[in-house]
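Okay, structure first, notes after.
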Amino acid sequence: MKRALFSVSDKTGVVEFASQLVALGWEIIATGGTMKLLQDAGLNTINISEITGFPEICDGRVKTLHPKVHGGLLGRRDLDSHKAQLKENGIEFIDMVCVNLYPFKQTISKPDVKMEDAIENIDIGGPSMLRSAAKNWNAVTVVCNPDNYPLIIDEIKANGDTTPETRLKLSAEAYTHTAEYDMMIATYMRKQAGLNEKLFLEYDLKQSLRYGENPHQGAKFFASSEKVPFSLATAEQLNGKELSYNNIQDANAALNIVREFDAPFCVGLKHMNPCGAAMGKDVVDAWTKTYEADKVSIFGGIVATNCEINKEAAELMKPIFLEIIMAPSFTPEALEVLCTKKNLRLLKVDMTKDNTPRTQYVSVNGGMLVQNQDIDTVEVKPEMCVTKAQPCEGCMSDLNFAWRIVKHIKSNAIVVVKDGVTMGVGAGQMNRIGSAEIALKQAEATCRERGVDVKEIGLVMGSDAFFPFDDCVTLADSYGVKAIAQPGGSVRDEDSIRKADECGIVMLFTGERHFKH
């Protein structure tokens, strides 16, 4: 008769699983709470102490750490010497271990958890049994994930036992489970002991990519086990070919911009910088304004919106060559329109608002940089004004829009805005005046195309960092900029303020910098 040893913290589905094993002729051994649960369900269960001939001691800390357990798991069925030694010591084989571990992660996640509670939720016997069973996977089935119960039962029904292929996979899962468990414990204990922090990362392969940034570079996409909103790792692809490395980078940048806005909003993006962005009364209005902000750069770009895409918006987007369209949802009629373009990637993304602080990792040669994501954005308010000219009510909305966009543009970054639409974007220049020139000239070209004078429309400007000189203010004035939002903090702030006063420009210091490298 085959024997299975049960000792589970997560009791999901365990009664049904054990019942099915009993029906298939298996004998069940169990510990403490698991044994009580199975016996209360009417299953004949052997107490672990009957197997070891030794009681559970030290409040259950010691119950499975015994040769009659580990000998039964580790003994090789193909070696006569092992079988003889087991028989000589009255040890029987154990053919399956069903174990999951004490809830250490859940325990330390509780507010104000005491170290004593954390320590008591460090499992010792469980990992030991998993590792023993996993080492002897040729003969022993090791189960640590309730999701695998149906597969195991199906194979036993079909073959009398699990297949070697399944046992090997379950062995690898068990070692992964104990490794992740030990990483959590090590991280916690090192912190308690005041030791230097170690970085343990846990990511699962989501997909292998055709190549990286360029065809000669290999690449893969790994996903965190943590499910978060505004994430490509959990996005549902509804149409199109697989995402590339560059697609993923660009799409992630677009989602970070979308996350800034609650009102209907749309952004077009190329090379991780927005080429057009706009608020609107609905998705059609927001897309139309975004497209018209820069009809040239959007070619081959990525579009993201926080609105459901309907048929009207889809019909407007369809003629444009786009790589990806992302939204929280698409109507069936919109999908019917867009899915006629077989290569167009359509991604349904969870855009649930969540300002939980998260960690960002960037690899460098021989190391890793770690920082909190730049999620918070201060609201630009009239009391931040540092000039004689004061902001009018109408320009505050545009200043806030510019401030939320410029933080997502590669430094040095300048954006100019009118009526909730980007008119010009200057990104990634080695000096700030260069970025300002690019943004303002683009705004001028857009105005010329529309038959209006750029100096007459009342642009506002946002800068991701302070002005080291007054040259940006001088340039802004020559294009009719009426208001500027910038962090302040330069030793030459007074030069910029003085120039703004001379030009009658409103300037506000946010006190918050948004470098993006």
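Simple scheme: letters A, B, ... for chains in structure tokens order, numbers from 1 for residues in each chain, numbers from 1 for ligands in the order shown.
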**OP:** Mind the document's chain letters and residue numbers, and return as a PyMOL selection string the residues of stretch 223-354 of chain A that DSSP labels alpha helix (DSSP H).
**Re:** chain A and resi 245-258+283-293+311-317+332-338
Give me a file of those residues, with N, CA and C atoms, as an mmCIF file, in the first residue's frame.
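Below you can see selection.cif, which holds the result:
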data_model
loop_
_atom_site.group_PDB
_atom_site.id
_atom_site.type_symbol
_atom_site.label_atom_id
_atom_site.label_comp_id
_atom_site.auth_asym_id
_atom_site.auth_seq_id
_atom_site.Cartn_x
_atom_site.Cartn_y
_atom_site.Cartn_z
ATOM 1 N N TYR A 245 10.928 43.784 -27.136
ATOM 2 C CA TYR A 245 11.596 44.448 -26.019
ATOM 3 C C TYR A 245 11.291 45.942 -26.013
ATOM 4 N N ASN A 246 11.445 46.573 -27.168
ATOM 5 C CA ASN A 246 11.189 48.018 -27.255
ATOM 6 C C ASN A 246 9.718 48.341 -27.060
ATOM 7 N N ASN A 247 8.828 47.469 -27.567
ATOM 8 C CA ASN A 247 7.400 47.658 -27.333
ATOM 9 C C ASN A 247 7.098 47.714 -25.837
ATOM 10 N N ILE A 248 7.686 46.791 -25.099
ATOM 11 C CA ILE A 248 7.417 46.693 -23.662
ATOM 12 C C ILE A 248 7.934 47.938 -22.943
ATOM 13 N N GLN A 249 9.126 48.384 -23.294
ATOM 14 C CA GLN A 249 9.670 49.596 -22.683
ATOM 15 C C GLN A 249 8.785 50.805 -22.966
ATOM 16 N N ASP A 250 8.404 50.956 -24.232
ATOM 17 C CA ASP A 250 7.583 52.111 -24.615
ATOM 18 C C ASP A 250 6.193 52.040 -23.978
ATOM 19 N N ALA A 251 5.604 50.860 -24.014
ATOM 20 C CA ALA A 251 4.258 50.704 -23.458
ATOM 21 C C ALA A 251 4.251 50.977 -21.959
ATOM 22 N N ASN A 252 5.288 50.541 -21.274
ATOM 23 C CA ASN A 252 5.378 50.799 -19.839
ATOM 24 C C ASN A 252 5.463 52.297 -19.564
ATOM 25 N N ALA A 253 6.240 53.011 -20.374
ATOM 26 C CA ALA A 253 6.352 54.469 -20.224
ATOM 27 C C ALA A 253 5.008 55.138 -20.465
ATOM 28 N N ALA A 254 4.270 54.662 -21.459
ATOM 29 C CA ALA A 254 2.954 55.240 -21.747
ATOM 30 C C ALA A 254 1.982 55.010 -20.589
ATOM 31 N N LEU A 255 2.014 53.821 -20.002
ATOM 32 C CA LEU A 255 1.117 53.518 -18.887
ATOM 33 C C LEU A 255 1.430 54.387 -17.671
ATOM 34 N N ASN A 256 2.706 54.681 -17.454
ATOM 35 C CA ASN A 256 3.065 55.553 -16.334
ATOM 36 C C ASN A 256 2.502 56.960 -16.513
ATOM 37 N N ILE A 257 2.398 57.412 -17.751
ATOM 38 C CA ILE A 257 1.801 58.730 -18.007
ATOM 39 C C ILE A 257 0.291 58.676 -17.802
ATOM 40 N N VAL A 258 -0.344 57.652 -18.332
ATOM 41 C CA VAL A 258 -1.800 57.514 -18.194
ATOM 42 C C VAL A 258 -2.201 57.500 -16.721
ATOM 43 N N VAL A 283 -13.144 59.800 -25.067
ATOM 44 C CA VAL A 283 -12.008 59.150 -25.705
ATOM 45 C C VAL A 283 -11.774 59.664 -27.126
ATOM 46 N N VAL A 284 -12.843 59.954 -27.843
ATOM 47 C CA VAL A 284 -12.703 60.450 -29.219
ATOM 48 C C VAL A 284 -12.033 61.815 -29.212
ATOM 49 N N ASP A 285 -12.487 62.687 -28.331
ATOM 50 C CA ASP A 285 -11.921 64.030 -28.231
ATOM 51 C C ASP A 285 -10.452 63.970 -27.806
ATOM 52 N N ALA A 286 -10.148 63.132 -26.803
ATOM 53 C CA ALA A 286 -8.772 63.023 -26.315
ATOM 54 C C ALA A 286 -7.846 62.468 -27.396
ATOM 55 N N TRP A 287 -8.300 61.435 -28.127
ATOM 56 C CA TRP A 287 -7.464 60.877 -29.197
ATOM 57 C C TRP A 287 -7.251 61.896 -30.321
ATOM 58 N N THR A 288 -8.305 62.568 -30.712
ATOM 59 C CA THR A 288 -8.197 63.536 -31.817
ATOM 60 C C THR A 288 -7.181 64.624 -31.485
ATOM 61 N N LYS A 289 -7.246 65.141 -30.272
ATOM 62 C CA LYS A 289 -6.304 66.179 -29.855
ATOM 63 C C LYS A 289 -4.880 65.636 -29.759
ATOM 64 N N THR A 290 -4.747 64.420 -29.283
ATOM 65 C CA THR A 290 -3.422 63.800 -29.173
ATOM 66 C C THR A 290 -2.793 63.638 -30.549
ATOM 67 N N TYR A 291 -3.564 63.144 -31.482
ATOM 68 C CA TYR A 291 -3.052 62.930 -32.836
ATOM 69 C C TYR A 291 -2.675 64.255 -33.501
ATOM 70 N N GLU A 292 -3.526 65.235 -33.348
ATOM 71 C CA GLU A 292 -3.266 66.529 -33.992
ATOM 72 C C GLU A 292 -2.109 67.288 -33.333
ATOM 73 N N ALA A 293 -1.729 66.888 -32.123
ATOM 74 C CA ALA A 293 -0.604 67.548 -31.458
ATOM 75 C C ALA A 293 0.709 67.280 -32.175
ATOM 76 N N LYS A 311 -16.240 52.331 -31.008
ATOM 77 C CA LYS A 311 -16.118 52.171 -32.461
ATOM 78 C C LYS A 311 -15.644 53.460 -33.124
ATOM 79 N N GLU A 312 -16.169 54.603 -32.691
ATOM 80 C CA GLU A 312 -15.786 55.872 -33.318
ATOM 81 C C GLU A 312 -14.296 56.141 -33.154
ATOM 82 N N ALA A 313 -13.782 55.921 -31.940
ATOM 83 C CA ALA A 313 -12.348 56.125 -31.703
ATOM 84 C C ALA A 313 -11.531 55.131 -32.516
ATOM 85 N N ALA A 314 -11.993 53.890 -32.575
ATOM 86 C CA ALA A 314 -11.274 52.864 -33.328
ATOM 87 C C ALA A 314 -11.176 53.221 -34.807
ATOM 88 N N GLU A 315 -12.251 53.738 -35.363
ATOM 89 C CA GLU A 315 -12.238 54.099 -36.785
ATOM 90 C C GLU A 315 -11.294 55.260 -37.059
ATOM 91 N N LEU A 316 -11.109 56.156 -36.071
ATOM 92 C CA LEU A 316 -10.167 57.259 -36.225
ATOM 93 C C LEU A 316 -8.720 56.778 -36.096
ATOM 94 N N MET A 317 -8.488 55.783 -35.242
ATOM 95 C CA MET A 317 -7.140 55.267 -35.027
ATOM 96 C C MET A 317 -6.693 54.324 -36.143
ATOM 97 N N PRO A 332 -16.950 45.639 -28.265
ATOM 98 C CA PRO A 332 -16.891 44.629 -29.333
ATOM 99 C C PRO A 332 -16.810 45.252 -30.725
ATOM 100 N N GLU A 333 -17.503 46.370 -30.911
ATOM 101 C CA GLU A 333 -17.486 47.041 -32.216
ATOM 102 C C GLU A 333 -16.095 47.618 -32.514
ATOM 103 N N ALA A 334 -15.426 48.128 -31.474
ATOM 104 C CA ALA A 334 -14.071 48.656 -31.655
ATOM 105 C C ALA A 334 -13.105 47.535 -32.022
ATOM 106 N N LEU A 335 -13.245 46.398 -31.357
ATOM 107 C CA LEU A 335 -12.377 45.256 -31.675
ATOM 108 C C LEU A 335 -12.600 44.781 -33.105
ATOM 109 N N GLU A 336 -13.850 44.805 -33.540
ATOM 110 C CA GLU A 336 -14.155 44.389 -34.909
ATOM 111 C C GLU A 336 -13.434 45.284 -35.919
ATOM 112 N N VAL A 337 -13.346 46.573 -35.612
ATOM 113 C CA VAL A 337 -12.665 47.512 -36.504
ATOM 114 C C VAL A 337 -11.150 47.304 -36.460
ATOM 115 N N LEU A 338 -10.586 47.243 -35.248
ATOM 116 C CA LEU A 338 -9.134 47.245 -35.099
ATOM 117 C C LEU A 338 -8.485 45.897 -35.391
#
**OP:** Run DSSP on the backbone of this structure and report the residues of stretch 230-454 of chain A it assigns to strand (DSSP E), as a PyMOL selection string.
**Re:** chain A and resi 236-239+265-270+273-279+301-305+322-327+345-348+359-364+367-372+414-418+421-426
Compile a residue-level contact table for stretch 96-189 of chain A against stretch 43-65 of chain A at a cut-off of 9 Å, reporting for every qualifying residue the shortest atom pair and its distance in Å to one decimal, with only C-alpha atoms counted, rows ordered by chain and ascending number, as JSON lines.
{"residue": "A:Glu120", "atom": "CA", "partner": "A:Arg61", "partner_atom": "CA", "distance": 8.6}
{"residue": "A:Asp123", "atom": "CA", "partner": "A:Arg61", "partner_atom": "CA", "distance": 8.5}
{"residue": "A:Ile124", "atom": "CA", "partner": "A:Arg61", "partner_atom": "CA", "distance": 7.8}
{"residue": "A:Gly125", "atom": "CA", "partner": "A:Thr64", "partner_atom": "CA", "distance": 5.8}
{"residue": "A:Gly126", "atom": "CA", "partner": "A:Thr64", "partner_atom": "CA", "distance": 8.1}
{"residue": "A:Ser128", "atom": "CA", "partner": "A:Leu65", "partner_atom": "CA", "distance": 7.9}
{"residue": "A:Met129", "atom": "CA", "partner": "A:Thr64", "partner_atom": "CA", "distance": 7.9}
Include C-alpha atoms and write out the residues we just selected as an mmCIF file, in the first residue's frame.
data_model
loop_
_atom_site.group_PDB
_atom_site.id
_atom_site.type_symbol
_atom_site.label_atom_id
_atom_site.label_comp_id
_atom_site.auth_asym_id
_atom_site.auth_seq_id
_atom_site.Cartn_x
_atom_site.Cartn_y
_atom_site.Cartn_z
ATOM 1 C CA GLU A 120 7.168 30.901 15.450
ATOM 2 C CA ASP A 123 8.767 26.342 9.324
ATOM 3 C CA ILE A 124 11.550 23.797 9.894
ATOM 4 C CA GLY A 125 10.025 20.366 9.403
ATOM 5 C CA GLY A 126 8.058 21.383 6.322
ATOM 6 C CA SER A 128 13.006 19.512 5.380
ATOM 7 C CA MET A 129 10.312 17.121 4.172
#
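Proximity of A:Ser132, A:Thr162, A:Thr359, A:Gln373 to A:Leu199, computed with only C-alpha atoms, is greatest for A:Thr359.
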**OP:** For atom CA of A:Gly488 and atom CA of A:Gly511, determine how far apart the two atoms are, in Å to one decimal place.
**Re:**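 Going from atom CA of A:Gly488 over to atom CA of A:Gly511, I get 6.1 Å.
Closest approach to A:Pro229 among A:Ser109, A:Thr178, A:Ser329, A:Thr356: A:Thr356, based on only C-alpha atoms.
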**OP:** May I ask which of the residues A:Val99, A:Met423, A:Arg432, A:Leu475 is the closest one to A:Val454, counting only C-alpha atoms?
**Re:** A:Met423
Subject >> Polymer residues at most 8 Å from A:Phe222, only C-alpha atoms, same-chain spacing of 2 or more positions, as a VMD selection string >> reply: chain A and resid 203 to 207 220 224
Output C-alpha atoms of each residue in that selection to a file, as an mmCIF file, in the first residue's frame.
data_model
loop_
_atom_site.group_PDB
_atom_site.id
_atom_site.type_symbol
_atom_site.label_atom_id
_atom_site.label_comp_id
_atom_site.auth_asym_id
_atom_site.auth_seq_id
_atom_site.Cartn_x
_atom_site.Cartn_y
_atom_site.Cartn_z
ATOM 1 C CA TYR A 203 10.462 36.996 -11.099
ATOM 2 C CA ASP A 204 8.929 34.375 -13.383
ATOM 3 C CA LEU A 205 9.640 34.097 -17.089
ATOM 4 C CA LYS A 206 6.637 35.472 -18.929
ATOM 5 C CA GLN A 207 8.017 35.137 -22.437
ATOM 6 C CA LYS A 220 13.436 37.843 -22.107
ATOM 7 C CA SER A 224 6.845 39.776 -10.747
#
**OP:** For A:Ile505, work out the shell of residues within 7 Å, counting only C-alpha atoms and skipping chain neighbours fewer than 3 positions away, then give it as a PyMOL selection string.
**Re:** chain A and resi 389+482-483+500-501
**OP:** Would you work out the distance separating atom CA of A:Ala23 from atom CA of A:Lys11, expressed in Å to one decimal?
**Re:**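 Rounded to one decimal, the two atoms are 19.3 Å apart.
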Subject >> Pick from A:Ala134, A:Val15, A:Ile302, A:Ala139 nearest to A:Ala174, counting only C-alpha atoms >> reply: A:Ala134
Original post:
With only C-alpha atoms as the basis for distance, which of A:Ala235, A:Ile325, A:Val415, A:Met115 is at the shortest distance from A:Ala193?
Top reply: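 Checking each of A:Ala235, A:Ile325, A:Val415, A:Met115 against A:Ala193, counting only C-alpha atoms, the winner is A:Met115.
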Original post:
Do you know which residues are at most 10 Å from A:Val349 counting only C-alpha atoms, after dropping those on the same chain fewer than 6 positions away, and could you put them as a PyMOL selection string?
Top reply: chain A and resi 229-237+255+304-306+326-329
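Distances from A:Ser81, A:Gln442, A:Thr163, A:Thr352 to A:Ser297 were compared using only C-alpha atoms, and the smallest one belongs to A:Gln442.
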Within 12 Å of stretch 260-280 of chain A, which residues of stretch 434-501 of chain A show up? Give each one with its shortest atom-to-atom distance in Å (one decimal) and the two atoms involved, counting only C-alpha atoms, rows by chain then rising residue number, as CSV.
residue,atom,partner,partner_atom,distance
A:Ala439,CA,A:Cys275,CA,10.5
A:Gln442,CA,A:Cys275,CA,10.5
A:Ala443,CA,A:Gly276,CA,11.3
A:Thr446,CA,A:Gly276,CA,11.7
Take the residues from that selection and put them in a file with N, CA and C atoms, as a short mmCIF file (atom, residue, chain, number, x, y, z; two decimals), in the first residue's frame.
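So again22.cif came out as:
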data_model
loop_
_atom_site.label_atom_id
_atom_site.label_comp_id
_atom_site.auth_asym_id
_atom_site.auth_seq_id
_atom_site.Cartn_x
_atom_site.Cartn_y
_atom_site.Cartn_z
N ALA A 439 10.87 72.28 -28.11
CA ALA A 439 9.46 72.30 -27.75
C ALA A 439 8.75 73.51 -28.35
N GLN A 442 8.41 73.40 -32.17
CA GLN A 442 7.35 72.46 -32.55
C GLN A 442 5.99 73.11 -32.36
N ALA A 443 5.82 73.83 -31.27
CA ALA A 443 4.56 74.53 -31.03
C ALA A 443 4.30 75.56 -32.12
N THR A 446 3.17 73.80 -35.29
CA THR A 446 1.79 73.34 -35.18
C THR A 446 0.83 74.51 -35.35
#
**OP:** For stretch 1-8 of chain A, please output as a PyMOL selection string all residues within 10 Å (counting only C-alpha atoms; exclusion window: fewer than 5 positions along the same chain).
**Re:** chain A and resi 14+18+21-22+24-35+38+45-48+64+69+72-73+92-102+125-126+129+140-144+146+161
Subject >> All residues 8 Å or closer to stretch 399-407 of chain A, only C-alpha atoms, same chain fewer than 2 positions away omitted, as a ChimeraX atom specification >> reply: /A:257,260,377,379-380,395-397,409,413-417,420,422,460-464,483-485,514-516
Output the selection as a PDB file, in the first residue's frame - N, CA and C atoms for each residue.
ATOM      1  N   ILE A 257       2.398  57.412 -17.751  1.00  0.00           N
ATOM      2  CA  ILE A 257       1.801  58.730 -18.007  1.00  0.00           C
ATOM      3  C   ILE A 257       0.291  58.676 -17.802  1.00  0.00           C
ATOM      4  N   GLU A 260      -1.300  59.161 -14.387  1.00  0.00           N
ATOM      5  CA  GLU A 260      -1.366  60.496 -13.791  1.00  0.00           C
ATOM      6  C   GLU A 260      -2.770  61.108 -13.825  1.00  0.00           C
ATOM      7  N   THR A 377       2.901  63.295  -7.400  1.00  0.00           N
ATOM      8  CA  THR A 377       3.068  64.545  -8.148  1.00  0.00           C
ATOM      9  C   THR A 377       2.337  65.641  -7.396  1.00  0.00           C
ATOM     10  N   GLU A 379       0.406  69.020  -6.635  1.00  0.00           N
ATOM     11  CA  GLU A 379      -0.494  69.865  -7.412  1.00  0.00           C
ATOM     12  C   GLU A 379       0.092  71.269  -7.498  1.00  0.00           C
ATOM     13  N   VAL A 380       0.086  71.815  -8.700  1.00  0.00           N
ATOM     14  CA  VAL A 380       0.561  73.184  -8.884  1.00  0.00           C
ATOM     15  C   VAL A 380      -0.545  74.130  -8.401  1.00  0.00           C
ATOM     16  N   CYS A 395      -5.238  79.316 -16.475  1.00  0.00           N
ATOM     17  CA  CYS A 395      -3.951  78.693 -16.799  1.00  0.00           C
ATOM     18  C   CYS A 395      -3.539  77.632 -15.788  1.00  0.00           C
ATOM     19  N   MET A 396      -4.180  77.562 -14.629  1.00  0.00           N
ATOM     20  CA  MET A 396      -3.768  76.593 -13.613  1.00  0.00           C
ATOM     21  C   MET A 396      -3.964  75.151 -14.091  1.00  0.00           C
ATOM     22  N   SER A 397      -5.060  74.922 -14.813  1.00  0.00           N
ATOM     23  CA  SER A 397      -5.292  73.571 -15.331  1.00  0.00           C
ATOM     24  C   SER A 397      -4.185  73.163 -16.294  1.00  0.00           C
ATOM     25  N   ILE A 409       9.058  62.856 -19.299  1.00  0.00           N
ATOM     26  CA  ILE A 409       9.889  63.119 -20.477  1.00  0.00           C
ATOM     27  C   ILE A 409      11.354  63.041 -20.067  1.00  0.00           C
ATOM     28  N   ALA A 413      14.038  68.122 -19.800  1.00  0.00           N
ATOM     29  CA  ALA A 413      12.699  68.052 -20.370  1.00  0.00           C
ATOM     30  C   ALA A 413      11.977  69.390 -20.273  1.00  0.00           C
ATOM     31  N   ILE A 414      11.344  69.757 -21.379  1.00  0.00           N
ATOM     32  CA  ILE A 414      10.482  70.936 -21.450  1.00  0.00           C
ATOM     33  C   ILE A 414       9.234  70.537 -22.221  1.00  0.00           C
ATOM     34  N   VAL A 415       8.062  70.969 -21.732  1.00  0.00           N
ATOM     35  CA  VAL A 415       6.829  70.753 -22.473  1.00  0.00           C
ATOM     36  C   VAL A 415       6.048  72.060 -22.490  1.00  0.00           C
ATOM     37  N   VAL A 416       5.424  72.352 -23.625  1.00  0.00           N
ATOM     38  CA  VAL A 416       4.547  73.515 -23.702  1.00  0.00           C
ATOM     39  C   VAL A 416       3.142  73.043 -24.033  1.00  0.00           C
ATOM     40  N   VAL A 417       2.158  73.696 -23.425  1.00  0.00           N
ATOM     41  CA  VAL A 417       0.789  73.187 -23.409  1.00  0.00           C
ATOM     42  C   VAL A 417      -0.190  74.323 -23.658  1.00  0.00           C
ATOM     43  N   GLY A 420      -4.984  71.879 -22.315  1.00  0.00           N
ATOM     44  CA  GLY A 420      -4.906  70.457 -22.018  1.00  0.00           C
ATOM     45  C   GLY A 420      -4.357  69.611 -23.137  1.00  0.00           C
ATOM     46  N   THR A 422      -0.594  68.915 -25.423  1.00  0.00           N
ATOM     47  CA  THR A 422       0.811  69.246 -25.643  1.00  0.00           C
ATOM     48  C   THR A 422       0.970  69.890 -27.018  1.00  0.00           C
ATOM     49  N   VAL A 460       1.583  77.684 -21.947  1.00  0.00           N
ATOM     50  CA  VAL A 460       2.236  77.542 -20.650  1.00  0.00           C
ATOM     51  C   VAL A 460       3.359  76.522 -20.817  1.00  0.00           C
ATOM     52  N   MET A 461       4.357  76.620 -19.961  1.00  0.00           N
ATOM     53  CA  MET A 461       5.546  75.765 -20.062  1.00  0.00           C
ATOM     54  C   MET A 461       5.775  75.023 -18.755  1.00  0.00           C
ATOM     55  N   GLY A 462       6.213  73.769 -18.871  1.00  0.00           N
ATOM     56  CA  GLY A 462       6.631  73.000 -17.705  1.00  0.00           C
ATOM     57  C   GLY A 462       8.065  72.543 -17.900  1.00  0.00           C
ATOM     58  N   SER A 463       8.866  72.590 -16.843  1.00  0.00           N
ATOM     59  CA  SER A 463      10.256  72.136 -16.877  1.00  0.00           C
ATOM     60  C   SER A 463      10.471  71.144 -15.744  1.00  0.00           C
ATOM     61  N   ASP A 464      11.126  70.019 -16.035  1.00  0.00           N
ATOM     62  CA  ASP A 464      11.292  68.981 -15.021  1.00  0.00           C
ATOM     63  C   ASP A 464      12.269  69.386 -13.925  1.00  0.00           C
ATOM     64  N   ALA A 483       2.898  81.493 -18.769  1.00  0.00           N
ATOM     65  CA  ALA A 483       3.111  80.979 -17.417  1.00  0.00           C
ATOM     66  C   ALA A 483       4.064  79.791 -17.468  1.00  0.00           C
ATOM     67  N   ILE A 484       4.861  79.630 -16.420  1.00  0.00           N
ATOM     68  CA  ILE A 484       5.863  78.562 -16.338  1.00  0.00           C
ATOM     69  C   ILE A 484       5.773  77.886 -14.978  1.00  0.00           C
ATOM     70  N   ALA A 485       5.806  76.548 -14.997  1.00  0.00           N
ATOM     71  CA  ALA A 485       5.931  75.767 -13.763  1.00  0.00           C
ATOM     72  C   ALA A 485       7.284  75.073 -13.784  1.00  0.00           C
ATOM     73  N   HIS A 514      11.720  66.413 -11.154  1.00  0.00           N
ATOM     74  CA  HIS A 514      11.360  65.139 -11.785  1.00  0.00           C
ATOM     75  C   HIS A 514      12.374  64.721 -12.851  1.00  0.00           C
ATOM     76  N   PHE A 515      13.649  64.649 -12.480  1.00  0.00           N
ATOM     77  CA  PHE A 515      14.633  64.108 -13.418  1.00  0.00           C
ATOM     78  C   PHE A 515      14.212  62.714 -13.869  1.00  0.00           C
ATOM     79  N   LYS A 516      14.425  62.418 -15.129  1.00  0.00           N
ATOM     80  CA  LYS A 516      14.140  61.068 -15.654  1.00  0.00           C
ATOM     81  C   LYS A 516      15.296  60.682 -16.576  1.00  0.00           C
TER      82      LYS A 516
END
**OP:** Give me, please, the distance in Å between atom CA of A:Pro357 and atom CA of A:Thr187, quoted to one decimal.
**Re:** 19.1 Å
